[in-house]
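Colleague: Got a structure for you, query.txt, holding compact mmCIF, C-alpha atoms and all ligand atoms.
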```txt
# COMPACT_ATOMS: atom_id res chain seq x y z
CA MET A 1004 -3.86 12.26 -0.32
CA THR A 1005 -6.85 11.12 1.67
CA LYS A 1006 -7.93 7.54 1.37
CA THR A 1007 -11.58 6.75 0.90
CA ASN A 1008 -13.35 3.45 1.00
CA LEU A 1009 -14.09 1.87 -2.32
CA PRO A 1010 -17.85 2.10 -2.83
CA LEU A 1011 -19.63 -1.24 -2.91
CA ASP A 1012 -22.83 -1.71 -4.87
CA ALA A 1013 -25.19 -2.51 -2.01
CA ASP A 1014 -28.09 -3.30 -4.34
CA ARG A 1015 -26.02 -5.82 -6.29
CA LEU A 1016 -24.86 -7.42 -3.06
CA TRP A 1017 -28.41 -7.57 -1.69
CA ALA A 1018 -29.66 -9.10 -4.96
CA ASP A 1019 -27.06 -11.87 -4.69
CA VAL A 1020 -27.99 -12.71 -1.11
CA MET A 1021 -31.69 -12.75 -1.98
CA ALA A 1022 -31.17 -14.85 -5.11
CA LEU A 1023 -29.29 -17.50 -3.17
CA ALA A 1024 -31.97 -17.43 -0.46
CA GLU A 1025 -34.42 -18.63 -3.12
CA ILE A 1026 -32.46 -21.88 -3.34
CA THR A 1027 -33.96 -23.36 -0.20
CA ASP A 1028 -35.97 -26.26 1.06
CA PRO A 1029 -39.44 -24.73 0.50
CA ALA A 1030 -40.86 -26.53 3.52
CA ARG A 1031 -38.23 -25.05 5.80
CA PRO A 1032 -36.88 -21.68 4.74
CA TYR A 1033 -34.01 -20.99 4.68
CA THR A 1034 -32.32 -24.36 4.54
CA ARG A 1035 -29.49 -25.52 2.29
CA ARG A 1036 -27.80 -28.42 4.04
CA SER A 1037 -24.30 -29.32 2.92
CA PHE A 1038 -23.93 -32.18 0.40
CA THR A 1039 -27.62 -32.03 -0.64
CA PRO A 1040 -28.88 -31.35 -4.20
CA LEU A 1041 -29.98 -27.88 -3.01
CA PHE A 1042 -26.48 -27.16 -1.72
CA LEU A 1043 -25.02 -28.18 -5.08
CA GLU A 1044 -27.58 -26.02 -6.88
CA GLY A 1045 -26.54 -23.07 -4.73
CA ARG A 1046 -22.90 -23.75 -5.51
CA THR A 1047 -23.56 -23.93 -9.24
CA TRP A 1048 -25.24 -20.55 -8.99
CA LEU A 1049 -22.35 -19.14 -6.96
CA ALA A 1050 -19.71 -20.53 -9.32
CA ARG A 1051 -21.46 -18.80 -12.20
CA ARG A 1052 -21.47 -15.50 -10.30
CA PHE A 1053 -17.77 -15.97 -9.51
CA ALA A 1054 -17.02 -16.56 -13.18
CA ASP A 1055 -19.15 -13.56 -14.23
CA ALA A 1056 -16.99 -11.42 -11.93
CA GLY A 1057 -13.88 -12.57 -13.76
CA LEU A 1058 -12.68 -14.98 -11.08
CA ALA A 1059 -10.85 -18.15 -12.03
CA THR A 1060 -13.11 -20.65 -10.31
CA ARG A 1061 -12.39 -24.16 -9.07
CA ILE A 1062 -13.26 -26.67 -6.35
CA ASP A 1063 -10.24 -27.78 -4.35
CA THR A 1064 -9.72 -31.38 -3.22
CA ALA A 1065 -11.31 -30.57 0.17
CA GLY A 1066 -14.50 -29.49 -1.60
CA ASN A 1067 -14.11 -25.74 -1.15
CA LEU A 1068 -15.41 -23.52 -3.95
CA ILE A 1069 -12.69 -20.97 -4.68
CA GLY A 1070 -12.67 -17.94 -6.99
CA ARG A 1071 -9.32 -16.29 -7.60
CA ILE A 1072 -8.03 -13.07 -9.04
CA GLU A 1073 -4.27 -12.86 -9.53
CA GLY A 1074 -2.46 -9.96 -7.91
CA THR A 1075 0.25 -7.94 -9.60
CA ASN A 1076 2.78 -9.37 -7.15
CA PRO A 1077 1.92 -13.03 -6.53
CA ALA A 1078 4.92 -13.42 -4.22
CA LEU A 1079 3.01 -11.42 -1.59
CA GLY A 1080 0.63 -14.34 -1.08
CA VAL A 1081 -3.13 -14.54 -0.93
CA ILE A 1082 -5.74 -12.49 0.86
CA ALA A 1083 -8.65 -14.88 1.34
CA ILE A 1084 -12.20 -13.66 1.91
CA GLY A 1085 -15.03 -16.03 2.55
CA SER A 1086 -17.52 -17.93 4.60
CA HIS A 1087 -19.97 -20.74 3.83
CA SER A 1088 -23.06 -21.34 1.70
CA ASP A 1089 -24.43 -24.31 3.66
CA THR A 1090 -26.91 -23.66 6.45
CA VAL A 1091 -28.19 -25.30 9.58
CA PRO A 1092 -31.90 -26.28 9.31
CA ALA A 1093 -33.86 -23.02 8.95
CA GLY A 1094 -30.57 -21.15 9.25
CA GLY A 1095 -31.71 -17.99 7.53
CA ARG A 1096 -30.68 -15.96 4.51
CA PHE A 1097 -27.51 -14.35 5.80
CA ASP A 1098 -25.55 -16.80 7.98
CA GLY A 1099 -22.48 -17.65 5.95
CA ILE A 1100 -23.64 -16.42 2.58
CA ALA A 1101 -23.26 -12.75 3.61
CA GLY A 1102 -19.52 -13.39 3.90
CA VAL A 1103 -19.23 -15.12 0.53
CA ALA A 1104 -21.37 -12.56 -1.31
CA THR A 1105 -19.51 -9.63 0.25
CA GLY A 1106 -16.18 -11.08 -0.86
CA LEU A 1107 -17.54 -11.37 -4.36
CA GLU A 1108 -18.80 -7.80 -4.26
CA ILE A 1109 -15.38 -6.56 -3.11
CA VAL A 1110 -13.77 -8.13 -6.16
CA ARG A 1111 -16.41 -6.64 -8.44
CA ALA A 1112 -15.91 -3.20 -6.87
CA LEU A 1113 -12.15 -3.45 -7.49
CA ARG A 1114 -12.79 -4.48 -11.07
CA ASP A 1115 -15.32 -1.66 -11.63
CA ALA A 1116 -12.80 0.85 -10.27
CA GLY A 1117 -10.11 -0.53 -12.59
CA ILE A 1118 -7.92 -1.56 -9.66
CA ARG A 1119 -5.71 -4.62 -9.87
CA PRO A 1120 -4.58 -5.49 -6.34
CA ARG A 1121 -0.99 -6.38 -5.52
CA HIS A 1122 -2.06 -9.42 -3.52
CA THR A 1123 -3.88 -12.29 -5.10
CA ILE A 1124 -7.44 -12.41 -3.74
CA GLU A 1125 -9.44 -15.59 -3.28
CA ILE A 1126 -13.11 -15.83 -2.41
CA ILE A 1127 -13.75 -19.11 -0.59
CA ASP A 1128 -17.03 -20.90 0.05
CA PHE A 1129 -15.86 -23.40 2.69
CA LEU A 1130 -17.46 -26.82 2.45
CA ALA A 1131 -19.82 -27.82 5.28
CA GLU A 1132 -18.93 -25.21 7.86
CA GLU A 1133 -22.05 -26.13 9.81
CA PRO A 1134 -22.39 -29.49 11.58
CA SER A 1135 -23.19 -31.93 8.78
CA GLU A 1136 -25.15 -35.19 8.67
CA TYR A 1137 -21.74 -36.91 8.92
CA GLY A 1138 -21.27 -35.55 12.45
CA LEU A 1139 -18.54 -33.14 11.42
CA SER A 1140 -18.42 -29.40 10.85
CA CYS A 1141 -15.78 -27.22 9.16
CA VAL A 1142 -14.98 -29.96 6.65
CA GLY A 1143 -13.45 -27.68 4.03
CA SER A 1144 -11.43 -25.55 6.41
CA ARG A 1145 -10.09 -28.70 8.06
CA GLY A 1146 -8.90 -29.67 4.59
CA ILE A 1147 -7.17 -26.33 4.05
CA THR A 1148 -5.38 -26.59 7.39
CA GLY A 1149 -4.43 -30.23 6.82
CA SER A 1150 -6.49 -31.63 9.68
CA LEU A 1151 -9.12 -33.64 7.79
CA ASP A 1152 -7.98 -37.15 8.67
CA ASP A 1153 -8.96 -40.68 7.65
CA LYS A 1154 -11.05 -41.22 10.77
CA MET A 1155 -13.16 -38.19 9.87
CA LEU A 1156 -13.44 -39.27 6.24
CA ASP A 1157 -14.85 -42.62 7.39
CA LEU A 1158 -17.71 -40.97 9.30
CA ARG A 1159 -21.10 -41.93 7.88
CA GLU A 1160 -24.43 -40.11 7.61
CA PRO A 1161 -27.57 -41.96 8.80
CA GLY A 1162 -28.12 -43.38 5.28
CA GLY A 1163 -24.67 -45.02 5.41
CA GLU A 1164 -22.70 -42.83 2.97
CA LYS A 1165 -19.15 -42.11 4.08
CA LEU A 1166 -17.89 -38.54 4.23
CA ARG A 1167 -15.10 -39.45 1.78
CA ASP A 1168 -17.68 -40.49 -0.81
CA ALA A 1169 -19.77 -37.38 -0.18
CA LEU A 1170 -16.65 -35.28 -0.65
CA ARG A 1171 -16.08 -36.88 -4.03
CA ARG A 1172 -19.72 -36.27 -4.91
CA VAL A 1173 -19.34 -32.50 -4.40
CA GLY A 1174 -16.19 -32.27 -6.50
CA GLY A 1175 -13.45 -32.91 -3.94
CA ASP A 1176 -10.87 -35.69 -3.87
CA PRO A 1177 -10.28 -37.38 -0.50
CA ASP A 1178 -7.26 -39.24 -1.93
CA GLN A 1179 -5.44 -36.00 -2.71
CA LEU A 1180 -6.19 -33.84 0.31
CA ASP A 1181 -2.58 -32.69 0.46
CA LEU A 1182 -3.32 -30.51 -2.55
CA ALA A 1183 -5.91 -28.55 -0.53
CA LYS A 1184 -3.43 -27.65 2.22
CA ARG A 1185 -2.40 -24.03 2.07
CA ASP A 1186 0.53 -22.05 3.38
CA ASP A 1187 0.20 -19.08 1.04
CA ILE A 1188 -2.75 -17.35 2.73
CA ARG A 1189 -1.45 -14.20 4.40
CA ALA A 1190 -4.73 -12.83 5.71
CA PHE A 1191 -8.29 -14.02 6.02
CA LEU A 1192 -11.37 -11.82 6.19
CA GLU A 1193 -14.90 -12.96 6.97
CA LEU A 1194 -18.00 -10.86 7.32
CA HIS A 1195 -20.56 -12.73 9.40
CA ILE A 1196 -23.91 -11.89 10.89
CA GLU A 1197 -24.09 -11.62 14.64
CA GLN A 1198 -25.38 -14.87 16.06
CA GLY A 1199 -26.38 -13.35 19.35
CA ILE A 1200 -28.02 -10.11 20.43
CA VAL A 1201 -25.15 -8.09 21.91
CA LEU A 1202 -24.47 -5.71 18.99
CA GLU A 1203 -28.16 -5.41 18.23
CA SER A 1204 -29.04 -4.60 21.83
CA GLN A 1205 -26.43 -1.82 21.82
CA SER A 1206 -27.32 -0.55 18.32
CA LEU A 1207 -23.78 -1.18 17.08
CA ASP A 1208 -23.21 -1.73 13.36
CA VAL A 1209 -20.23 -4.01 13.60
CA GLY A 1210 -18.01 -5.88 16.00
CA VAL A 1211 -14.46 -7.06 15.35
CA VAL A 1212 -13.58 -10.59 16.37
CA THR A 1213 -10.55 -10.65 18.65
CA SER A 1214 -10.70 -14.32 19.58
CA ILE A 1215 -12.58 -17.52 18.91
CA VAL A 1216 -13.73 -19.50 21.93
CA GLY A 1217 -12.72 -23.09 22.52
CA ILE A 1218 -15.55 -25.62 22.57
CA ARG A 1219 -15.91 -28.73 24.68
CA ARG A 1220 -18.84 -31.11 24.48
CA ILE A 1221 -19.00 -33.74 27.19
CA GLU A 1222 -21.33 -36.72 27.25
CA ILE A 1223 -22.39 -38.01 30.67
CA VAL A 1224 -24.44 -41.17 31.08
CA PHE A 1225 -26.27 -41.75 34.36
CA GLN A 1226 -27.09 -45.36 35.02
CA GLY A 1227 -29.73 -45.93 37.69
CA GLU A 1228 -32.33 -48.67 37.83
CA ALA A 1229 -35.56 -48.76 35.84
CA ASP A 1230 -38.23 -49.77 38.35
CA HIS A 1231 -41.98 -49.55 38.52
CA ALA A 1232 -42.87 -46.00 39.50
CA GLY A 1233 -45.84 -47.19 41.53
CA THR A 1234 -44.47 -50.06 43.55
CA THR A 1235 -40.88 -48.95 44.23
CA PRO A 1236 -40.68 -46.98 47.51
CA MET A 1237 -38.89 -43.65 47.33
CA SER A 1238 -36.10 -44.88 49.59
CA LEU A 1239 -35.21 -47.72 47.19
CA ARG A 1240 -35.11 -45.79 43.93
CA HIS A 1241 -32.07 -45.18 41.76
CA ASP A 1242 -33.47 -42.48 39.52
CA ALA A 1243 -31.04 -41.56 36.74
CA LEU A 1244 -33.05 -38.51 35.73
CA VAL A 1245 -32.88 -36.95 39.19
CA ALA A 1246 -29.08 -37.16 39.05
CA ALA A 1247 -29.07 -35.74 35.53
CA ALA A 1248 -31.42 -32.92 36.53
CA ASP A 1249 -29.06 -31.92 39.35
CA THR A 1250 -26.21 -31.83 36.84
CA VAL A 1251 -28.20 -29.61 34.48
CA THR A 1252 -28.72 -27.03 37.21
CA SER A 1253 -25.10 -27.40 38.37
CA VAL A 1254 -23.86 -26.63 34.88
CA ARG A 1255 -26.00 -23.52 34.82
CA ARG A 1256 -24.82 -22.42 38.26
CA VAL A 1257 -21.13 -22.96 37.53
CA ALA A 1258 -21.44 -21.18 34.18
CA GLU A 1259 -23.16 -18.20 35.79
CA GLN A 1260 -20.47 -17.99 38.45
CA LEU A 1261 -17.63 -18.12 35.94
CA ALA A 1262 -19.32 -15.64 33.62
CA ALA A 1263 -19.86 -13.23 36.49
CA GLU A 1264 -16.32 -13.56 37.82
CA GLY A 1265 -14.82 -12.80 34.41
CA PRO A 1266 -12.75 -11.42 32.88
CA ASP A 1267 -12.94 -14.09 30.17
CA TYR A 1268 -16.00 -15.21 28.31
CA PHE A 1269 -17.56 -18.44 29.55
CA VAL A 1270 -20.88 -20.10 28.71
CA ALA A 1271 -22.16 -23.63 29.19
CA THR A 1272 -25.42 -25.39 28.59
CA VAL A 1273 -27.02 -28.83 28.51
CA GLY A 1274 -28.69 -29.02 25.10
CA ILE A 1275 -29.37 -32.75 24.88
CA LEU A 1276 -31.07 -34.90 27.51
CA ASN A 1277 -32.25 -38.42 26.67
CA VAL A 1278 -34.30 -40.31 29.24
CA ASP A 1279 -34.65 -44.08 29.07
CA PRO A 1280 -37.13 -45.73 29.06
CA SER A 1281 -39.09 -42.44 29.14
CA ALA A 1282 -42.40 -43.82 30.36
CA SER A 1283 -44.65 -42.13 32.88
CA ASN A 1284 -44.90 -45.24 35.08
CA ILE A 1285 -41.22 -46.21 35.14
CA VAL A 1286 -38.44 -44.72 37.25
CA PRO A 1287 -35.85 -43.54 34.68
CA GLY A 1288 -33.11 -46.16 34.52
CA ARG A 1289 -30.69 -44.41 32.22
CA CYS A 1290 -30.11 -40.82 31.29
CA ARG A 1291 -27.70 -39.32 28.80
CA LEU A 1292 -26.88 -35.67 28.55
CA ILE A 1293 -24.43 -33.54 26.65
CA VAL A 1294 -22.82 -30.48 28.19
CA GLY A 1295 -21.56 -27.89 25.73
CA ALA A 1296 -19.12 -25.32 27.11
CA ARG A 1297 -17.39 -22.47 25.33
CA ALA A 1298 -14.57 -20.49 26.88
CA LEU A 1299 -11.92 -18.02 25.88
CA ARG A 1300 -9.34 -19.88 27.91
CA SER A 1301 -9.25 -23.42 29.18
CA CYS A 1302 -11.09 -23.38 32.48
CA PRO A 1303 -9.68 -25.85 35.01
CA MET A 1304 -11.86 -24.22 37.66
CA ALA A 1305 -15.03 -25.07 35.71
CA ARG A 1306 -13.91 -28.65 35.23
CA ARG A 1307 -13.11 -29.05 38.94
CA SER A 1308 -16.35 -27.47 40.01
CA LEU A 1309 -18.45 -29.63 37.69
CA ALA A 1310 -16.58 -32.79 38.61
CA THR A 1311 -17.29 -32.09 42.29
CA GLN A 1312 -21.00 -31.68 41.60
CA ILE A 1313 -21.12 -34.87 39.57
CA ARG A 1314 -19.30 -36.86 42.26
CA ALA A 1315 -21.82 -35.62 44.84
CA GLN A 1316 -24.73 -36.77 42.69
CA ARG A 1317 -23.10 -40.12 42.19
CA CYS A 1318 -23.26 -40.74 45.94
CA ASP A 1319 -26.74 -39.36 46.47
CA GLU A 1320 -28.76 -40.85 43.71
CA VAL A 1321 -27.11 -43.10 41.20
CA ARG A 1322 -25.95 -46.01 43.27
CA ALA A 1323 -25.65 -48.36 40.34
CA ILE A 1324 -23.28 -48.07 37.35
CA TRP A 1325 -21.93 -44.69 36.42
CA GLY A 1326 -20.98 -43.53 32.97
CA LEU A 1327 -17.89 -41.38 33.17
CA PRO A 1328 -17.95 -37.99 31.49
CA ARG A 1329 -16.62 -38.49 27.98
CA PRO A 1330 -15.43 -35.59 25.83
CA ILE A 1331 -17.00 -35.91 22.37
CA CYS A 1332 -15.83 -32.67 20.86
CA ARG A 1333 -12.78 -30.60 21.55
CA ALA A 1334 -11.85 -27.45 19.66
CA GLY A 1335 -9.15 -25.15 20.96
CA GLN A 1336 -9.55 -21.44 21.41
CA VAL A 1337 -7.78 -19.11 19.00
CA MET A 1338 -6.67 -15.53 19.55
CA MET A 1339 -6.72 -13.35 16.43
CA GLN A 1340 -3.48 -11.78 15.24
CA ARG A 1341 -3.36 -8.03 14.99
CA SER A 1342 -1.84 -6.61 11.86
ZN ZN A 1401 -22.00 -19.12 9.76
```
Turn the structure described in the file into structure tokens.

Modeller:
Amino acid sequence: MTKTNLPLDADRLWADVMALAEITDPARPYTRRSFTPLFLEGRTWLARRFADAGLATRIDTAGNLIGRIEGTNPALGVIAIGSHSDTVPAGGRFDGIAGVATGLEIVRALRDAGIRPRHTIEIIDFLAEEPSEYGLSCVGSRGITGSLDDKMLDLREPGGEKLRDALRRVGGDPDQLDLAKRDDIRAFLELHIEQGIVLESQSLDVGVVTSIVGIRRIEIVFQGEADHAGTTPMSLRHDALVAAADTVTSVRRVAEQLAAEGPDYFVATVGILNVDPSASNIVPGRCRLIVGARALRSCPMARRSLATQIRAQRCDEVRAIWGLPRPICRAGQVMMQRS
């Protein structure tokens, strides 16, 4: 007997994605930031669609929206399918929601074909996958893996609300996070749009993720001396921005070298650069930058190379106080299991 793919209703799937896209900040399409009224409106809409598809729908204590269809053999565990319905500002119509809507469509296609799967299937809309106003991303999946700790729950958004209170507000329960922890998920599937241009540039329909890069973000503060830019001779300046600028180009150079040497993926960039006091007639006294690096394996060579560059700049330019590089984000790389 030949096996054929179950047909999905592409029009129904497209209609879902477009309908959710309508729930957006009108001033900034397509934006649905986690924990906002718009996010909750989107979730209410999604929960209704889950229920319409016959899914038993709930929000777990980590704030994930979950729709479930029982398999004929529950002992086999759960196949989870999902992604996220929150967006970054102006994140677009597909990032995240394509994965949730496709999961929903898979369940509907099974139902339409009269198939009851052996495994239980869950469709999961993970809470706050994107970086949130509380300075944390992947809030819901941290809950499911048991790594959402008290320190994280005490993070506050600029208005002062704690993440633990926001979690309660969206239907979670920070006091019972143990209930969100899962050990029954046997496989996880996520359809996601490409967030680069590799597949598109090669006219490929799909790529299969074999690994997830590790991420490091490192804050470096350069402390020079803020002096008058007119009366301070060049030989007496301690210009923090000049040191920072050298580091920016060093990061680029090291990243290009490592990427070219291969075989593993490596990228790094300086995305934040704050100059203080940032006035046209003052030599910059303080400069803060954040290096973001992503690699398939931990890269001691990159660390050594960057550290050497930074030490050199310390001698040349910043003769005053030096802020040591401080890691502010650390996420390990993960290789996918083949099955
Ligand atoms: Zn996404």

Colleague: Fewer than 2 positions away in the same chain doesn't count, so skip those; otherwise give me all residues within 7 Å of Gly1102 of chain A, counting only C-alpha atoms, as a ChimeraX atom specification.

Modeller: /A:1085-1086,1099-1100,1104-1106,1193-1195

Colleague: Within 9 Å of ligand ZN 1401 (chain A) (counting all atoms listed in the file), which residues show up? I'd like them as a ChimeraX atom specification.

Modeller: /A:1086-1091,1094,1097-1102,1132-1133,1195-1196,1198

Colleague: Between atom CA of Val1270 of chain A and atom CA of Gln1340 of chain A, what is the spacing in Å?

Modeller: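 Distance reported for this atom pair: 23.5 Å.
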
Colleague: Quick one: distance from atom CA of Ala1018 of chain A to atom CA of Glu1108 of chain A in Å, one decimal?

Modeller: 11.0 Å

Colleague: Identify, on the basis of all atoms listed in the file, every residue whose closest approach to segment 1046-1051 of chain A does not exceed 12 Å; exclude the query and any residue fewer than 2 positions from it along the same chain; express the result as a PyMOL selection string.

Modeller: chain A and resi 1019-1020+1022-1026+1035-1044+1053-1062+1066-1071+1087-1089+1100+1103-1104+1106-1107+1126-1131+1173-1174

Colleague: Residues at most 12 Å from Lys1165 of chain A, counting all atoms listed in the file, excluding those fewer than 6 positions away in the same chain, as a list in words?

Modeller: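 Non-adjacent residues within range: Phe1038, Ser1135, Glu1136, Tyr1137, Gly1138, Leu1139, Asp1153, Lys1154, Met1155, Leu1156, Asp1157, Leu1158, Arg1159, Arg1171, Arg1172 and Pro1177 of chain A.
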
Colleague: Let's have the selection written as a PDB file, in the coordinates of the input, with C-alpha atoms.

Modeller:
```
ATOM      1  CA  PHE A1038     -23.930 -32.180   0.400  1.00  0.00           C
ATOM      2  CA  SER A1135     -23.190 -31.930   8.780  1.00  0.00           C
ATOM      3  CA  GLU A1136     -25.150 -35.190   8.670  1.00  0.00           C
ATOM      4  CA  TYR A1137     -21.740 -36.910   8.920  1.00  0.00           C
ATOM      5  CA  GLY A1138     -21.270 -35.550  12.450  1.00  0.00           C
ATOM      6  CA  LEU A1139     -18.540 -33.140  11.420  1.00  0.00           C
ATOM      7  CA  ASP A1153      -8.960 -40.680   7.650  1.00  0.00           C
ATOM      8  CA  LYS A1154     -11.050 -41.220  10.770  1.00  0.00           C
ATOM      9  CA  MET A1155     -13.160 -38.190   9.870  1.00  0.00           C
ATOM     10  CA  LEU A1156     -13.440 -39.270   6.240  1.00  0.00           C
ATOM     11  CA  ASP A1157     -14.850 -42.620   7.390  1.00  0.00           C
ATOM     12  CA  LEU A1158     -17.710 -40.970   9.300  1.00  0.00           C
ATOM     13  CA  ARG A1159     -21.100 -41.930   7.880  1.00  0.00           C
ATOM     14  CA  ARG A1171     -16.080 -36.880  -4.030  1.00  0.00           C
ATOM     15  CA  ARG A1172     -19.720 -36.270  -4.910  1.00  0.00           C
ATOM     16  CA  PRO A1177     -10.280 -37.380  -0.500  1.00  0.00           C
TER      17      PRO A1177
END
```

Colleague: Between A:Val1254, A:Arg1167, A:Ile1084, A:Arg1240, which one has atoms that come closest to Ile1072 of chain A, using all atoms listed in the file?

Modeller: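 Looking only at the distances to Ile1072 of chain A, the closest residue turns out to be A:Ile1084.
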
Colleague: One decimal, Å: what's the distance from atom CA of Pro1287 of chain A over to atom CA of Thr1252 of chain A, could you say?

Modeller: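 Result for atom CA of Pro1287 of chain A versus atom CA of Thr1252 of chain A: 18.2 Å, one decimal.
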
Colleague: Using all atoms listed in the file, can you tell me which of A:Ile1109, A:Val1278, A:Ala1190, A:Val1212 comes closest to Arg1015 of chain A?

Modeller: A:Ile1109

Colleague: Which of these residues is nearest to Gly1143 of chain A, using all atoms listed in the file: A:Glu1125, A:Asp1249, A:Asp1028, A:Asp1176?

Modeller: A:Asp1176

Colleague: I need the residue nearest Thr1034 of chain A from this list: A:Gly1295, A:Pro1092, A:Gly1074, A:Pro1010. Use only C-alpha atoms for the distance.

Modeller: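 For Thr1034 of chain A, the nearest of the candidates is A:Pro1092.
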
Colleague: Rebuild N, CA and C atoms on segment 1233-1254 of chain A, as an mmCIF file, in the frame of the given file?

Modeller:
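Saved the output as result-v8.cif:
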```
data_model
loop_
_atom_site.group_PDB
_atom_site.id
_atom_site.type_symbol
_atom_site.label_atom_id
_atom_site.label_comp_id
_atom_site.auth_asym_id
_atom_site.auth_seq_id
_atom_site.Cartn_x
_atom_site.Cartn_y
_atom_site.Cartn_z
ATOM 1 N N GLY A 1233 -44.776 -47.088 40.543
ATOM 2 C CA GLY A 1233 -45.840 -47.190 41.530
ATOM 3 C C GLY A 1233 -45.461 -48.040 42.730
ATOM 4 N N THR A 1234 -44.719 -49.091 42.484
ATOM 5 C CA THR A 1234 -44.470 -50.060 43.550
ATOM 6 C C THR A 1234 -43.086 -49.949 44.187
ATOM 7 N N THR A 1235 -42.223 -49.097 43.641
ATOM 8 C CA THR A 1235 -40.880 -48.950 44.230
ATOM 9 C C THR A 1235 -40.889 -47.801 45.231
ATOM 10 N N PRO A 1236 -40.673 -48.070 46.514
ATOM 11 C CA PRO A 1236 -40.680 -46.980 47.510
ATOM 12 C C PRO A 1236 -39.599 -45.945 47.205
ATOM 13 N N MET A 1237 -39.827 -44.733 47.625
ATOM 14 C CA MET A 1237 -38.890 -43.650 47.330
ATOM 15 C C MET A 1237 -37.485 -43.975 47.831
ATOM 16 N N SER A 1238 -37.411 -44.641 48.984
ATOM 17 C CA SER A 1238 -36.100 -44.880 49.590
ATOM 18 C C SER A 1238 -35.284 -45.925 48.813
ATOM 19 N N LEU A 1239 -35.936 -46.664 47.916
ATOM 20 C CA LEU A 1239 -35.210 -47.720 47.190
ATOM 21 C C LEU A 1239 -34.958 -47.371 45.722
ATOM 22 N N ARG A 1240 -35.231 -46.142 45.355
ATOM 23 C CA ARG A 1240 -35.110 -45.790 43.930
ATOM 24 C C ARG A 1240 -33.683 -45.375 43.569
ATOM 25 N N HIS A 1241 -33.315 -45.688 42.338
ATOM 26 C CA HIS A 1241 -32.070 -45.180 41.760
ATOM 27 C C HIS A 1241 -32.455 -44.461 40.480
ATOM 28 N N ASP A 1242 -32.862 -43.233 40.626
ATOM 29 C CA ASP A 1242 -33.470 -42.480 39.520
ATOM 30 C C ASP A 1242 -32.400 -41.712 38.746
ATOM 31 N N ALA A 1243 -32.110 -42.185 37.540
ATOM 32 C CA ALA A 1243 -31.040 -41.560 36.740
ATOM 33 C C ALA A 1243 -31.386 -40.135 36.351
ATOM 34 N N LEU A 1244 -32.669 -39.856 36.158
ATOM 35 C CA LEU A 1244 -33.050 -38.510 35.730
ATOM 36 C C LEU A 1244 -32.863 -37.487 36.842
ATOM 37 N N VAL A 1245 -33.072 -37.892 38.081
ATOM 38 C CA VAL A 1245 -32.880 -36.950 39.190
ATOM 39 C C VAL A 1245 -31.406 -36.525 39.245
ATOM 40 N N ALA A 1246 -30.506 -37.495 39.063
ATOM 41 C CA ALA A 1246 -29.080 -37.160 39.050
ATOM 42 C C ALA A 1246 -28.749 -36.242 37.880
ATOM 43 N N ALA A 1247 -29.334 -36.552 36.720
ATOM 44 C CA ALA A 1247 -29.070 -35.740 35.530
ATOM 45 C C ALA A 1247 -29.615 -34.326 35.723
ATOM 46 N N ALA A 1248 -30.802 -34.233 36.332
ATOM 47 C CA ALA A 1248 -31.420 -32.920 36.530
ATOM 48 C C ALA A 1248 -30.538 -32.058 37.440
ATOM 49 N N ASP A 1249 -29.975 -32.665 38.469
ATOM 50 C CA ASP A 1249 -29.060 -31.920 39.350
ATOM 51 C C ASP A 1249 -27.857 -31.417 38.560
ATOM 52 N N THR A 1250 -27.373 -32.244 37.637
ATOM 53 C CA THR A 1250 -26.210 -31.830 36.840
ATOM 54 C C THR A 1250 -26.571 -30.660 35.926
ATOM 55 N N VAL A 1251 -27.770 -30.707 35.350
ATOM 56 C CA VAL A 1251 -28.200 -29.610 34.480
ATOM 57 C C VAL A 1251 -28.166 -28.287 35.245
ATOM 58 N N THR A 1252 -28.708 -28.286 36.443
ATOM 59 C CA THR A 1252 -28.720 -27.030 37.210
ATOM 60 C C THR A 1252 -27.322 -26.663 37.703
ATOM 61 N N SER A 1253 -26.488 -27.697 37.961
ATOM 62 C CA SER A 1253 -25.100 -27.400 38.370
ATOM 63 C C SER A 1253 -24.337 -26.713 37.240
ATOM 64 N N VAL A 1254 -24.542 -27.225 36.036
ATOM 65 C CA VAL A 1254 -23.860 -26.630 34.880
ATOM 66 C C VAL A 1254 -24.235 -25.163 34.766
#
```
